[in-house]
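Take a look at the structure below.
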Amino acid sequence: MTIDASRGVQAPPELVQLLTPEGERVEHPDYDIDLTPEEIRGLYRDLVLVRRIDLEAVALQRQGELGIWASLLGQEAAQIGSGRALTDADMAFPTYREHGVAWCRDVDPVKLLGLFRGVNHGGWDPVEHNFHLYTIVIGSQTLHAVGYAMGIQRDGAEAAAIVYFGDGATSQGDVNESFIWASVFNAPVVFFCQNNQWAISEPLEKQSRIPLYRRASGFGFPGIRVDGNDVFACLAVTRQALRNAREGNGPTLIEAYTYRMGAHTTSDDPTRYRVADELEAWKLKDPIERLKAYLFKNQLADQAYFEAIDAEADALGRDVRKRCLEMPDPDPLAIFDHVYAHRHPLMEEEREQFAAYLASFEGSEGR
Amino acid sequence: MTIDASRGVQAPPELVQLLTPEGERVEHPDYDIDLTPEEIRGLYRDLVLVRRIDLEAVALQRQGELGIWASLLGQEAAQIGSGRALTDADMAFPTYREHGVAWCRDVDPVKLLGLFRGVNHGGWDPVEHNFHLYTIVIGSQTLHAVGYAMGIQRDGAEAAAIVYFGDGATSQGDVNESFIWASVFNAPVVFFCQNNQWAISEPLEKQSRIPLYRRASGFGFPGIRVDGNDVFACLAVTRQALRNAREGNGPTLIEAYTYRMGAHTTSDDPTRYRVADELEAWKLKDPIERLKAYLFKNQLADQAYFEAIDAEADALGRDVRKRCLEMPDPDPLAIFDHVYAHRHPLMEEEREQFAAYLASFEGSEGR
Amino acid sequence: MTTLTLAKAINEGLRRAMEDDPKVLIMGEDVGKLGGVFRVTDGLQKDFGELRVIDTPLAESGIVGTAIGLALRGYRPVCEIQFDGFVFPAADQIITQLAKMPLRSLGALKLPVVVRIPCGGGIGAVEHHSESPEAYFTHTAGLRVVACSNPADAYVMIQQAIRCDDPVIFFEPKRRYWEKAEVDTSPEAAAGWPDLHTARVVRPGGDVTVLAYGPMVRTCLEAATAAEEDGRSVEVIDLRSLNPLDTALVTDSVRRTGRCVIVHEAPVYSGFGAELAARITESCFYHLEAPVLRVGGFSTPYPPSKLEEHYLPDLDRVLDAVDRCFAY
Amino acid sequence: MTTLTLAKAINEGLRRAMEDDPKVLIMGEDVGKLGGVFRVTDGLQKDFGELRVIDTPLAESGIVGTAIGLALRGYRPVCEIQFDGFVFPAADQIITQLAKMPLRSLGALKLPVVVRIPCGGGIGAVEHHSESPEAYFTHTAGLRVVACSNPADAYVMIQQAIRCDDPVIFFEPKRRYWEKAEVDTSPEAAAGWPDLHTARVVRPGGDVTVLAYGPMVRTCLEAATAAEEDGRSVEVIDLRSLNPLDTALVTDSVRRTGRCVIVHEAPVYSGFGAELAARITESCFYHLEAPVLRVGGFSTPYPPSKLEEHYLPDLDRVLDAVDRCFAY
Ligand SMILES: Cc1ncc(C[n+]2csc(CCOP(=O)(O)OP(=O)(O)O)c2C)c(N)n1
Ligand SMILES: Cc1ncc(C[n+]2csc(CCOP(=O)(O)OP(=O)(O)O)c2C)c(N)n1
Ligand SMILES: [Mg+2]
Ligand SMILES: [Mg+2]
C-alpha cells in the first residue's frame with residue numbers, strides 16, 4: 001500500500017531493461033533477445049522513420065493542414081518494439097497514438113493523417129493490415145481485442161491479439177472488464193499499456209496509487225513492467241507475452257514505462273501542468289539515442305549509415321507531406337455512405353433530399 | 001495464475017475464521033474479538049430474527065403478496081456481523097439482498113417488503129437510518145459509496161461508508177472504477193463483497209479465476225477473505241476495516257465467503273444449474289447453527305433462551321405478515337410524485353390530464 | 001405449423017440460425033445452463049456447447065464490447081441483455097462503437113451483432129425490469145432497431161436480424177413471451193418471409209390508423225375490436241421496424257384514414273412516438289383531420305408495479321385517444 | 001457589465017456559485033491545473049483547492065457515480081464531461097441512478113448534481129468531439145435538461161442549475177465558447193434573472209417561428225436577418241430548457257405565426273425536434289398553415305470534419321426550411 005512516487009525519472013526497480021539509456025546492453029534473468037545486426041538496424045530505421053512521420057504531422061497541423069495530431073514523440077521504442085513482436089496473423093488494436101505500430105503493420109502513414117485531417121474517421125482496411133482502426137473513446141478497444149481473441153480461440157488459430165492503451169485508460173470500466181473477460185476465458189490477448197506518465201494534464205497518481213503492471217495480479221494473470229524507451233526490452237517482453245497467449249497460457253499485461261515528450265495533442269499546452277525539468281530528464285532516456293549509441297559502440301553502424309537513414313526519413317517526410325496535401329476532400333454525399341452495410345431507406349431519402357438541395361445552388365452565386 | 005476451484009465446500013486456507021462450523025472458538029493471528037455474553041446472544045437473536053423475516057417474505061411471495069423476493073438465507077452472519085460493526089455515523093450502501101444489514105440499521109422490515117410488493121421503489125428514509133436504498137443495477141452503488149466517503153473526508157467526519165455487493169458484481173466496470181476512486185482518493189470506504197458462490201446461475205468461475213479478495217491488491221489496497229458464515233469473524237474483520245477507514249488508512253475489500261442457500265430470487269429455479277450436494281455440504285456450515293452450538297457449549301444460553309428467541313421470531317414473522325397485507329396500494333396519481341424536487345410543468349400537465357381521465361370513469365362501470 | 005410461445009419461437013429461431021451458420025454465437029448472463037431468465041436460450045448450450053453459447057461475466061459493456069470483437073473476427077454474436085433496464089452499462093459500446101465502427105472503417109468492417117432486449121412492463125416486476133428504452137437506439141444512427149410482437153414474427157425476425165450484416169437492436173415484448181400462436185417453421189416458408197424492415201397492417205380499417213409495435217400491438221388489436229362495437233373502424237399497424245421505418249406503408253394508411261394514434265409503453269416525452277408523429281404530420285399534412293395523438297407511458301420513471309396498470313397504455317387509454325382524435 | 005466569452009461566463013458563474021456555497025464542487029478530467037480542455041474551470045482549483053476542484057480518474061461513470069455519492073452527503077457537485085461523445089460511459093449512472101434515485105427515495109433524497117457537457121460541432125474536431133446527445137437525456141424522466149446559447153445566459157443558468165435540487169444536464173455550445181457579449185455580473189442583477197426553465201423570444205417576428213437552442217440560436221438569428229431582406233419576419237425563440245419545456249411561450253408564438261421550423265444539430269431522426277414538432281402540432285393544430293419542419297444533422301453519425309459544414313444546419317438550410325414552410 002505504498003504510494004508510487006516513481007513517476008518521472010527514476011527507473012523503478014522492477015523494470016525489465018535490456019539496453020540502458022547510455023546504450024549498454026544489460027542482462028535480465030527472465031528476458032533475453034538475440035537479434036542480427038540487420039534486425040537491429042531495422043529497428044533503428046523504424047524508430048527514426050516513425051519519429052520523422054510524427055514530426056511532419058505536427059508541422060502539418062501547425063500549418064493548418066491537420067485539425068489535430070496526437071504525437072508519439074518519446075514512445076517510439078514501445079511501439080516499434082511491441083509492433084515488431086507481432087506476426088502477420090496477430091491482430092493489433094490501437095488507440096489514436098499508435099503511429100509506430102501502424103508503421104509495423106504496413107499502414108500507409110498518409111492514411112493515418114486522413115483521420116486527423118478530417119477526411120474520414122479511419123481510412124485503412126483493418127483486415128488487410130491486421131491493424132484495427134484508431135479508437136478515440138478511451139479504453140473501449142480493449143474489449144474488442146478480447147472478443148477478437150476469443151474468436152481466435154474458437155478458430156483454433158495460431159495467433160494472438162494485442163491491445164494498446166494509455167495509463168489514463170486503466171481507470172475506465174471497460175478496461176477492467178476486459179481484464180476480467182481475458183482472464184475468465186483465458187483469451188490469447190496481450191494488454192500493452194503505454195504508461196507515458198500523463199493523461200492529458202493528469203499525472204499517473206490520479207489513476208493509480210501503485211504501479212500499473214500490478215493491476216493484473218488482482219485479476220489473476222501476469223503483469224510486467226518494461227522500459228518503454230528500450231526497444232530491445234519491449235520486443236523481448238512482448239514477444240514472450242504473445243507466445244504465451246498463442247500457446248494457450250492466457251493474457252499478460254505489459255506496462256511500458258515511457259514518457260510523452262510532446263503535448264497530449266497539438267491542441268494541448270503542457271506548460272500549464274508540468275515542469276520543464278521532467279522533460280529534460282526524460283530526454284536523457286531517449287529511445288532513439290540509446291539505440292544509436294549501442295549501434296555505434298558495437299560498430300553495427302557508422303556515420304554514413306545514420307546519415308542515410310536520416311536522408312530516407314527526410315524523403316519520407318516530404319512524401320507524406322505531399323500526399324497529405326493532395327488528399328481530396330470527401331464528396332458531401334459521402335455523409336450517407338457506409339453507415340449501413342445494407343440498403344437503408346432513411347439514408348436514401350436524406351441523401352436524395354440533400355442532393356437536390358445541393359443541386360439547387362448550382363449556378364447560383366450562393367454558398 | 002492458478003484456477004481457484006475452491007468454490008463449494010472446502011474452506012480456502014486464507015480464510016479468517018473465529019468460530020468453526022462446529023461452534024468451536026478458534027484463534028487468528030490478526031483478528032480477535034471480545035464480546036460479552038449479552039452481545040453474543042444479541043448476535044444470535046439478530047441472526048434468527050432476520051432469517052425469520054426472510055422466511056416470512058418467501059412465504060408471502062409464494063402466496064402472491066410480493067412480486068418477488070431475494071432471500072438472504074445462508075448469508076445472515078455476513079450481514080449481521082458486518083452490520084453490527086457499523087457505528088451510527090457510518091453509512092451503508094446495500095444491494096437488494098441486505099435485509100440483515102437493514103435490520104442492524106433499524107429499518108422496519110415491512111418497509112423492505114414494500115419494494116418487493118411493488119408499492120414503491122424504496123420506502124425508507126436513507127438519511128434517518130444511514131442505510132441507503134436498495135440498488136438493483138448491479139454494482140452501481142459502489143461508486144455512490146465512494147463518493148459519499150469522499151464527502152466524509154471533506155467533512156472531516158469520524159465515519160466510514162460500507163458498500164455491499166455480490167461476487168457477480170465484481171465483473172462490472174463500475175465496481176472496478178470504484179476501487180480505483182477509493183484507492184486514488186484514499187476514501188474511507190469498506191467494500192463488502194458477499195461471495196455467495198453464485199450470480200443467478202453462474203458460478204464464481206465465470207467472474208474470476210482467482211479468489212475475489214485478491215482483486216484489491218491490483219488496485220493497491222488490502223483485500224481479506226473472511227468466513228462469511230462466521231458472525232464473529234465478519235464482525236471482527238469489518239470492525240477493523242471500518243476503523244482503518246475512519247483513521248485515514250483508506251479502503252479495504254472484504255470478501256465474505258458464504259453461500260446462497262436458497263434460489264437467487266423467488267423467480268429462480270436453482271435445480272437447473274446446481275447440484276443438491278453442494279447445498280447439503282453448505283448446510284453443515286450454517287451460520288446460525290454454529291453460533292447456537294457455541295452458546296450452548298459455553299453455557300451462554302440454554303434451551304429456554306433459544307425457545308424464547310424462536311417465539312420472538314414467530315411473533316415478528318406474524319407482525320411482518322400482518323403489516324405487509326395492510327400496506328395500502330399507492331394512489332394512481334403518485335406516479336407523478338417525487339420525480340422532481342421542484343415544480344415541473346410536464347409533471348403537472350400529465351398529472352392533470354390523468355386525473356381528468358380517471359375522473360371520466362367515475363360512476364361508470366368501465367375499467 | 002407448430003404452436004409456439006413467443007419465447008419458444010425465438011428459441012427455435014436462434015436454434016435454426018445456429019444450425020445454419022456455425023459462426024452464430026449466443027452470449028449473455030445466464031444464457032447457458034439456465035437458458036436465460038426467460039428461457040429464451042433454453043437447451044442451446046447443451047446442444048451447441050459452451051464455445052457457442054457463452055455464459056459471460058456480469059457486465060453488459062463487456063458483453064457488447066467482446067461481441068464486437070468476435071464480430072470483427074467473423075462471428076455473428078447474439079447478445080442477450082437480461083432486462084431492458086440493464087442495457088445502459090452497454091450504452092457506450094452500443095452507441096460509440098457498435099453503431100459507428102462500420103462507417104469509421106469506410107465499409108471495410110461489418111458488425112453483424114444482434115442485441116436482444118426483453119422489454120416492457122406488465123409483469124409485476126421491481127425497478128429496471130419493465131422499461132422501453134427503444135428511443136435511445138432509434139436516435140442512434142448506424143443501428144437497426146426492430147421489435148417483434150408475436151411468435152410467428154419473432155421466429156422469422158430473429159433469424160433475419162442474425163443474417164443482417166448491420167448491428168440490430170432486437171426488442172422482445174417480455175409480457176408476451178408466454179403467448180402462443182401457430183408458427184410455420186418449415187424451410188419452404190422462408191421464401192415468403194417479409195423483409196425485416198417492413199411494417200404490417202395487422203387489422204385493416206378505414207377511420208383511424210393506430211401504430212404500435214412490440215407489446216402494444218395486441219393491446220391495440222383489442223382496442224380495435226372494442227372500437228368496432230362503437231362503429232369505428234380502426235386500422236392497426238405493427239411497425240416491426242423502428243429504424244428504418246416503413247414510411248410508405250404508414251403514410252398510405254394515414255392518408256386514407258386521416259387520423260393517427262401512436263401507442264407505445266415508453267414515456268411519451270421525447271419518445272419514439274414523437275418521430276412518428278412529426279414524420280407523419282409532415283408527409284400527410286393535408287390529409288390529417290386531427291393531430292397525430294400519442295399514447296404512452298407517462299413522462300416519469302417506470303413506477304412501482306402496483307401502479308403499472310395505470311402507467312401503461314391499455315385498451316381504455318387507446319380508445320380514449322381514438323375518441324379524442326374524432327373530437328377534432 | 002463586463003465583456004465575457006461564453007467559456008469565461010461559465011467560469012465566472014462557477015466561481016460565484018463556489019463562493020456562495022461551500023458545498024459546491026467541481027469534478028472531471030483535467031478540470032484542475034489545466035482548467036479543462038476549454039478552460040471553463042480555469043483558475044478554480046488554484047483558488048478553491050484540490051478538495052473542491054477535483055481532477056478525477058479517467059472514467060465518466062466514476063465521475064457521475066461518485067458525484068451522486070457526494071450529493072448524498074450534502075455536496076453539490078458539478079461534473080464536467082470533457083466532450084459530448086464521452087458521456088456514454090456515464091449513461092447508466094445518469095439514466096438509472098441520477099435520474100431515478102430521488103423518486104426511488106420517495107423524495108427523501110435530492111440530487112443536486114450538474115453534468116456539464118460541451119456539445120455540438122463546427123470546430124473541426126475528430127470523431128466523438130462534435131455530437132449533440134440531448135435527446136438521450138430529454139427522454140430520461142427525472143433529469144432537467146438545459147442548453148445555454150450566449151454568455152449572459154450561461155453565467156446565470158449555470159448558477160441556477162447548481163442551485164437546483166434536481167439533477168441538471170447542462171449543455172454548452174462549444175463552438176460558441178469564444179464568442180463575447182456583455183454580462184451583468186452584479187449581485188443586484190440576480191433579482192431579474194428569468195427562471196431556468198423559461199424560453200425567450202430572442203428576435204420577434206410575425207411570419208414564422210424558428211425554435212433553436214444552444215449553438216443554433218445564433219445561426220437562426222443570422223437566418224432571420226437574411227430572411228428579413230426577403231421580406232419575411234422570422235421570430236426566433238431560444239428554448240434554453242428542453243425538459244421541462246416552456247410550452248406556453250412556444251405555442252403562443254406558433255399560434256401567432258402559423259408556421260414553425262425547428263433547428264438543432266443532432267440527427268433529425270428521433271431527435272428532440274420530434275418532440276417539439278409533435279407537441280406543437282397537437283397544441284396548435286388549427287393554427288398551423290404548414291407542418292412543423294425540422295432542420296438538423298442528418299440521420300447518420302457525425303461525419304469527419306471536412307464534411308461538417310454540410311452536415312450542420314447553417315443559414316441556408318434554415319432559410320430553405322423557412323421557404324418550404326411557405327410553400328404549403
Ligand atoms: C471516454 C473518453 N473520455 C475522455 C476522453 C478525452 N481524452 C482523450 S485522450 C485522454 C487522456 C488519455 O490518457 P492516456 O490513456 O494515458 O493515453 P495517452 O493520451 O497518454 O496516450 C482523454 C481524457 C476520451 N477520448 N474518451
Ligand atoms: C446491470 C445489471 N445486469 C443484470 C442484472 C440482473 N441480475 C440481478 S441479480 C444478478 C446476479 C447478481 O449476482 P451477485 O452479484 O453475485 O449477487 P447475488 O445476487 O448473488 O447476491 C443479475 C445478473 C442486474 N440487476 N443489473
Ligand atoms: Mg498517458
Ligand atoms: Mg452472488
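Chain labels follow the order of the C-alpha cells: the first chain is A, the next B, and so on; residue numbering restarts at 1 in every chain, and ligands are counted from 1 in their shown order.
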Distance cut-off 10 Å, counting only C-alpha atoms - which residues of chain B neighbour chain A? Return them as a PyMOL selection string. chain B and resi 1-4+170-186+204-223+249-250
Limited to N, CA and C atoms, could you put the picked residues into a file as a tab-separated table (two decimals), in the first residue's frame?
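Here's the written file again_26.tsv:
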```
chain	number	residue	atom	x	y	z
B	1	MET	N	-1.28	-17.71	-10.96
B	1	MET	CA	-2.17	-17.97	-12.09
B	1	MET	C	-2.87	-19.31	-12.01
B	2	THR	N	-3.24	-19.67	-10.77
B	2	THR	CA	-3.98	-20.92	-10.62
B	2	THR	C	-5.47	-20.65	-10.72
B	3	ILE	N	-6.16	-21.63	-11.19
B	3	ILE	CA	-7.62	-21.54	-11.21
B	3	ILE	C	-8.11	-21.88	-9.81
B	4	ASP	N	-8.95	-21.03	-9.28
B	4	ASP	CA	-9.48	-21.29	-7.95
B	4	ASP	C	-10.65	-22.26	-8.04
B	170	THR	N	-18.57	-8.08	-9.09
B	170	THR	CA	-17.16	-7.71	-9.24
B	170	THR	C	-16.75	-7.59	-10.70
B	171	SER	N	-17.59	-8.11	-11.61
B	171	SER	CA	-17.25	-8.00	-13.04
B	171	SER	C	-17.65	-6.67	-13.65
B	172	GLN	N	-18.49	-5.93	-12.97
B	172	GLN	CA	-18.98	-4.68	-13.55
B	172	GLN	C	-17.89	-3.60	-13.56
B	173	GLY	N	-17.85	-2.84	-14.63
B	173	GLY	CA	-16.94	-1.72	-14.73
B	173	GLY	C	-17.05	-0.80	-13.53
B	174	ASP	N	-18.26	-0.48	-13.14
B	174	ASP	CA	-18.46	0.46	-12.03
B	174	ASP	C	-17.75	0.01	-10.76
B	175	VAL	N	-17.81	-1.26	-10.47
B	175	VAL	CA	-17.21	-1.76	-9.23
B	175	VAL	C	-15.70	-1.56	-9.29
B	176	ASN	N	-15.13	-1.84	-10.43
B	176	ASN	CA	-13.69	-1.66	-10.57
B	176	ASN	C	-13.30	-0.19	-10.58
B	177	GLU	N	-14.14	0.62	-11.18
B	177	GLU	CA	-13.88	2.07	-11.10
B	177	GLU	C	-13.96	2.53	-9.65
B	178	SER	N	-14.87	1.97	-8.90
B	178	SER	CA	-14.99	2.39	-7.50
B	178	SER	C	-13.73	2.00	-6.72
B	179	PHE	N	-13.12	0.89	-7.08
B	179	PHE	CA	-11.84	0.52	-6.44
B	179	PHE	C	-10.77	1.57	-6.76
B	180	ILE	N	-10.77	2.01	-8.01
B	180	ILE	CA	-9.77	3.00	-8.42
B	180	ILE	C	-9.98	4.30	-7.66
B	181	TRP	N	-11.21	4.79	-7.68
B	181	TRP	CA	-11.51	6.03	-6.98
B	181	TRP	C	-11.11	5.94	-5.50
B	182	ALA	N	-11.54	4.84	-4.88
B	182	ALA	CA	-11.29	4.69	-3.44
B	182	ALA	C	-9.80	4.70	-3.17
B	183	SER	N	-9.05	4.05	-4.03
B	183	SER	CA	-7.63	3.96	-3.76
B	183	SER	C	-6.93	5.28	-4.06
B	184	VAL	N	-7.29	5.91	-5.18
B	184	VAL	CA	-6.63	7.17	-5.54
B	184	VAL	C	-6.94	8.26	-4.50
B	185	PHE	N	-8.18	8.30	-4.02
B	185	PHE	CA	-8.54	9.34	-3.06
B	185	PHE	C	-8.41	8.86	-1.61
B	186	ASN	N	-7.97	7.63	-1.45
B	186	ASN	CA	-7.83	7.06	-0.11
B	186	ASN	C	-9.11	7.23	0.70
B	204	LEU	N	-18.87	-18.81	-9.48
B	204	LEU	CA	-17.81	-17.82	-9.38
B	204	LEU	C	-16.80	-17.88	-10.53
B	205	GLU	N	-16.52	-19.06	-11.04
B	205	GLU	CA	-15.52	-19.20	-12.12
B	205	GLU	C	-15.86	-18.36	-13.34
B	206	LYS	N	-17.11	-17.98	-13.49
B	206	LYS	CA	-17.47	-17.14	-14.64
B	206	LYS	C	-17.11	-15.68	-14.41
B	207	GLN	N	-16.74	-15.35	-13.18
B	207	GLN	CA	-16.43	-13.96	-12.87
B	207	GLN	C	-14.94	-13.76	-12.58
B	208	SER	N	-14.30	-14.80	-12.10
B	208	SER	CA	-12.90	-14.61	-11.69
B	208	SER	C	-12.19	-15.94	-11.64
B	209	ARG	N	-10.93	-15.93	-11.99
B	209	ARG	CA	-10.21	-17.18	-11.85
B	209	ARG	C	-9.30	-17.22	-10.63
B	210	ILE	N	-9.32	-16.15	-9.88
B	210	ILE	CA	-8.61	-16.19	-8.59
B	210	ILE	C	-9.58	-15.70	-7.52
B	211	PRO	N	-9.26	-15.99	-6.27
B	211	PRO	CA	-10.16	-15.54	-5.20
B	211	PRO	C	-10.41	-14.03	-5.27
B	212	LEU	N	-11.63	-13.66	-4.99
B	212	LEU	CA	-12.02	-12.27	-5.21
B	212	LEU	C	-11.29	-11.28	-4.32
B	213	TYR	N	-10.98	-11.68	-3.11
B	213	TYR	CA	-10.35	-10.71	-2.20
B	213	TYR	C	-9.02	-10.23	-2.77
B	214	ARG	N	-8.44	-11.04	-3.66
B	214	ARG	CA	-7.14	-10.65	-4.22
B	214	ARG	C	-7.26	-9.54	-5.26
B	215	ARG	N	-8.47	-9.27	-5.70
B	215	ARG	CA	-8.66	-8.17	-6.64
B	215	ARG	C	-8.07	-6.87	-6.10
B	216	ALA	N	-8.24	-6.66	-4.79
B	216	ALA	CA	-7.82	-5.39	-4.19
B	216	ALA	C	-6.34	-5.12	-4.38
B	217	SER	N	-5.56	-6.17	-4.34
B	217	SER	CA	-4.10	-5.96	-4.43
B	217	SER	C	-3.73	-5.28	-5.74
B	218	GLY	N	-4.48	-5.57	-6.78
B	218	GLY	CA	-4.20	-4.94	-8.07
B	218	GLY	C	-4.49	-3.45	-8.08
B	219	PHE	N	-5.25	-3.02	-7.09
B	219	PHE	CA	-5.58	-1.60	-7.02
B	219	PHE	C	-4.83	-0.91	-5.87
B	220	GLY	N	-4.04	-1.69	-5.16
B	220	GLY	CA	-3.20	-1.08	-4.14
B	220	GLY	C	-3.85	-0.88	-2.79
B	221	PHE	N	-4.80	-1.72	-2.46
B	221	PHE	CA	-5.30	-1.66	-1.07
B	221	PHE	C	-5.56	-3.08	-0.59
B	222	PRO	N	-5.72	-3.26	0.71
B	222	PRO	CA	-5.80	-4.62	1.22
B	222	PRO	C	-7.11	-5.32	0.92
B	223	GLY	N	-7.01	-6.60	0.66
B	223	GLY	CA	-8.18	-7.46	0.50
B	223	GLY	C	-8.07	-8.59	1.49
B	249	ASN	N	-6.78	5.40	6.82
B	249	ASN	CA	-5.93	4.41	6.16
B	249	ASN	C	-6.55	3.85	4.88
B	250	GLY	N	-7.63	4.43	4.46
B	250	GLY	CA	-8.16	4.07	3.15
B	250	GLY	C	-9.02	2.83	3.13
```
Could you list the residues in chain C lying within 9 Å of chain A, using only C-alpha atoms, and format the result as a ChimeraX atom specification? /C:51-52,56-57,59,61-75,92-93,96-97,99-111,141-144,164-167,243-247
Counting only C-alpha atoms, a student should be able to say which residues of chain C come within 6 Å of chain D; what is the right answer, written as a list of chain:residue names? C:Phe88, C:Pro89, C:Ala91, C:Asp92, C:Tyr136, C:His139, C:Ala141, C:Tyr269, C:Ser270, C:Ala274, C:Glu275, C:Ala277, C:Ala278, C:Glu282, C:Pro291, C:Ser299, C:Thr300, C:Pro301
I need the residues from that last selection saved to file as a short mmCIF file (atom, residue, chain, number, x, y, z; two decimals), in the first residue's frame (with all heavy atoms), if you can.
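And here's selection31.cif as it stands now:
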```cif
data_model
loop_
_atom_site.label_atom_id
_atom_site.label_comp_id
_atom_site.auth_asym_id
_atom_site.auth_seq_id
_atom_site.Cartn_x
_atom_site.Cartn_y
_atom_site.Cartn_z
N PHE C 88 -28.06 -0.02 -20.11
CA PHE C 88 -27.32 1.25 -20.06
C PHE C 88 -25.82 1.11 -19.77
O PHE C 88 -25.04 1.91 -20.28
CB PHE C 88 -28.02 2.23 -19.12
CG PHE C 88 -29.42 2.52 -19.58
CD1 PHE C 88 -30.52 2.03 -18.89
CD2 PHE C 88 -29.65 3.23 -20.75
CE1 PHE C 88 -31.81 2.26 -19.33
CE2 PHE C 88 -30.94 3.46 -21.21
CZ PHE C 88 -32.03 2.98 -20.50
N PRO C 89 -25.40 0.13 -18.98
CA PRO C 89 -23.94 -0.03 -18.88
C PRO C 89 -23.30 -0.32 -20.24
O PRO C 89 -22.10 -0.09 -20.42
CB PRO C 89 -23.78 -1.22 -17.93
CG PRO C 89 -25.04 -1.26 -17.13
CD PRO C 89 -26.12 -0.78 -18.07
N ALA C 91 -24.32 1.14 -23.00
CA ALA C 91 -24.68 2.24 -23.90
C ALA C 91 -23.47 2.73 -24.69
O ALA C 91 -23.55 2.96 -25.90
CB ALA C 91 -25.30 3.40 -23.12
N ASP C 92 -22.35 2.87 -24.02
CA ASP C 92 -21.18 3.39 -24.73
C ASP C 92 -20.75 2.44 -25.84
O ASP C 92 -20.51 2.87 -26.97
CB ASP C 92 -20.03 3.62 -23.75
CG ASP C 92 -18.83 4.18 -24.48
OD1 ASP C 92 -18.99 5.22 -25.14
OD2 ASP C 92 -17.76 3.57 -24.44
N TYR C 136 -33.68 5.52 -27.24
CA TYR C 136 -32.24 5.76 -27.16
C TYR C 136 -31.53 5.17 -28.38
O TYR C 136 -30.47 5.64 -28.78
CB TYR C 136 -31.65 5.12 -25.89
CG TYR C 136 -32.20 5.69 -24.60
CD1 TYR C 136 -33.25 5.08 -23.93
CD2 TYR C 136 -31.67 6.86 -24.06
CE1 TYR C 136 -33.75 5.60 -22.74
CE2 TYR C 136 -32.15 7.39 -22.87
CZ TYR C 136 -33.20 6.75 -22.21
OH TYR C 136 -33.67 7.27 -21.04
N HIS C 139 -32.56 6.78 -32.14
CA HIS C 139 -31.86 8.04 -32.39
C HIS C 139 -30.37 7.80 -32.69
O HIS C 139 -29.64 8.74 -32.97
CB HIS C 139 -32.01 8.95 -31.17
CG HIS C 139 -31.45 10.33 -31.34
ND1 HIS C 139 -31.76 11.15 -32.39
CD2 HIS C 139 -30.57 11.04 -30.59
CE1 HIS C 139 -31.11 12.30 -32.28
NE2 HIS C 139 -30.37 12.26 -31.19
N ALA C 141 -27.80 6.61 -35.06
CA ALA C 141 -27.56 6.22 -36.44
C ALA C 141 -26.52 5.10 -36.51
O ALA C 141 -25.54 5.11 -35.75
CB ALA C 141 -27.09 7.42 -37.24
N TYR C 269 -42.74 11.74 -23.66
CA TYR C 269 -41.87 12.89 -23.89
C TYR C 269 -40.57 12.45 -24.55
O TYR C 269 -39.81 11.66 -24.01
CB TYR C 269 -41.58 13.61 -22.57
CG TYR C 269 -41.03 15.01 -22.78
CD1 TYR C 269 -41.87 16.05 -23.14
CD2 TYR C 269 -39.68 15.28 -22.63
CE1 TYR C 269 -41.38 17.33 -23.35
CE2 TYR C 269 -39.17 16.57 -22.84
CZ TYR C 269 -40.03 17.58 -23.20
OH TYR C 269 -39.55 18.86 -23.41
N SER C 270 -40.36 12.97 -25.74
CA SER C 270 -39.14 12.69 -26.49
C SER C 270 -38.99 11.20 -26.80
O SER C 270 -37.90 10.72 -27.06
CB SER C 270 -37.91 13.20 -25.70
OG SER C 270 -36.90 13.61 -26.56
N ALA C 274 -42.75 10.45 -30.94
CA ALA C 274 -42.58 11.82 -31.41
C ALA C 274 -42.08 11.82 -32.85
O ALA C 274 -42.54 12.60 -33.69
CB ALA C 274 -41.60 12.56 -30.49
N GLU C 275 -41.13 10.95 -33.14
CA GLU C 275 -40.62 10.88 -34.52
C GLU C 275 -41.75 10.48 -35.47
O GLU C 275 -41.91 11.07 -36.54
CB GLU C 275 -39.48 9.86 -34.62
CG GLU C 275 -38.94 9.65 -36.03
CD GLU C 275 -38.40 10.92 -36.66
OE1 GLU C 275 -37.85 11.77 -35.93
OE2 GLU C 275 -38.54 11.09 -37.91
N ALA C 277 -44.95 10.88 -35.09
CA ALA C 277 -45.92 11.96 -35.22
C ALA C 277 -45.37 13.06 -36.12
O ALA C 277 -46.06 13.56 -37.02
CB ALA C 277 -46.27 12.52 -33.84
N ALA C 278 -44.12 13.44 -35.89
CA ALA C 278 -43.54 14.54 -36.66
C ALA C 278 -43.45 14.16 -38.14
O ALA C 278 -43.79 14.95 -39.02
CB ALA C 278 -42.15 14.87 -36.11
N GLU C 282 -45.65 15.68 -41.31
CA GLU C 282 -45.01 16.34 -42.44
C GLU C 282 -45.48 15.73 -43.76
O GLU C 282 -45.77 16.45 -44.72
CB GLU C 282 -43.49 16.26 -42.29
CG GLU C 282 -42.79 17.17 -43.29
CD GLU C 282 -41.28 17.27 -43.09
OE1 GLU C 282 -40.79 17.05 -41.96
OE2 GLU C 282 -40.59 17.57 -44.08
N PRO C 291 -54.71 16.18 -35.21
CA PRO C 291 -53.27 15.96 -34.99
C PRO C 291 -53.01 14.50 -34.66
O PRO C 291 -53.89 13.81 -34.14
CB PRO C 291 -52.96 16.85 -33.79
CG PRO C 291 -54.25 17.07 -33.10
CD PRO C 291 -55.30 17.03 -34.16
N SER C 299 -44.42 10.64 -18.55
CA SER C 299 -43.04 11.12 -18.65
C SER C 299 -42.37 11.12 -17.28
O SER C 299 -41.81 12.12 -16.83
CB SER C 299 -43.04 12.51 -19.28
OG SER C 299 -43.65 12.41 -20.57
N THR C 300 -42.43 9.95 -16.67
CA THR C 300 -41.86 9.71 -15.35
C THR C 300 -41.05 8.42 -15.44
O THR C 300 -41.21 7.67 -16.40
CB THR C 300 -42.97 9.47 -14.31
OG1 THR C 300 -43.61 8.22 -14.61
CG2 THR C 300 -44.02 10.57 -14.33
N PRO C 301 -40.22 8.14 -14.47
CA PRO C 301 -39.63 6.80 -14.46
C PRO C 301 -40.74 5.75 -14.33
O PRO C 301 -41.84 6.06 -13.84
CB PRO C 301 -38.75 6.81 -13.20
CG PRO C 301 -38.45 8.27 -12.97
CD PRO C 301 -39.69 8.99 -13.39
#
```
Can you measure CA of Ile138 (chain A) to atom 25 (N, counted along the ligand's line) of ligand 1 for me? One decimal in Å is fine.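 Interatomic distance here is 4.8 Å.
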Tell me, as a VMD selection string, which residues lie within 9 Å of region 23-30 of chain D, counting only C-alpha atoms; anything in the same chain fewer than 6 positions away does not count. (chain A and resid 199 to 202) or (chain D and resid 14 17 36 to 37 41 44 to 45 51 to 60 63 67 74 to 82 162)
Expected selection as a count of residues only for ligand 3 within 6 Å, only C-alpha atoms and all ligand atoms: 8
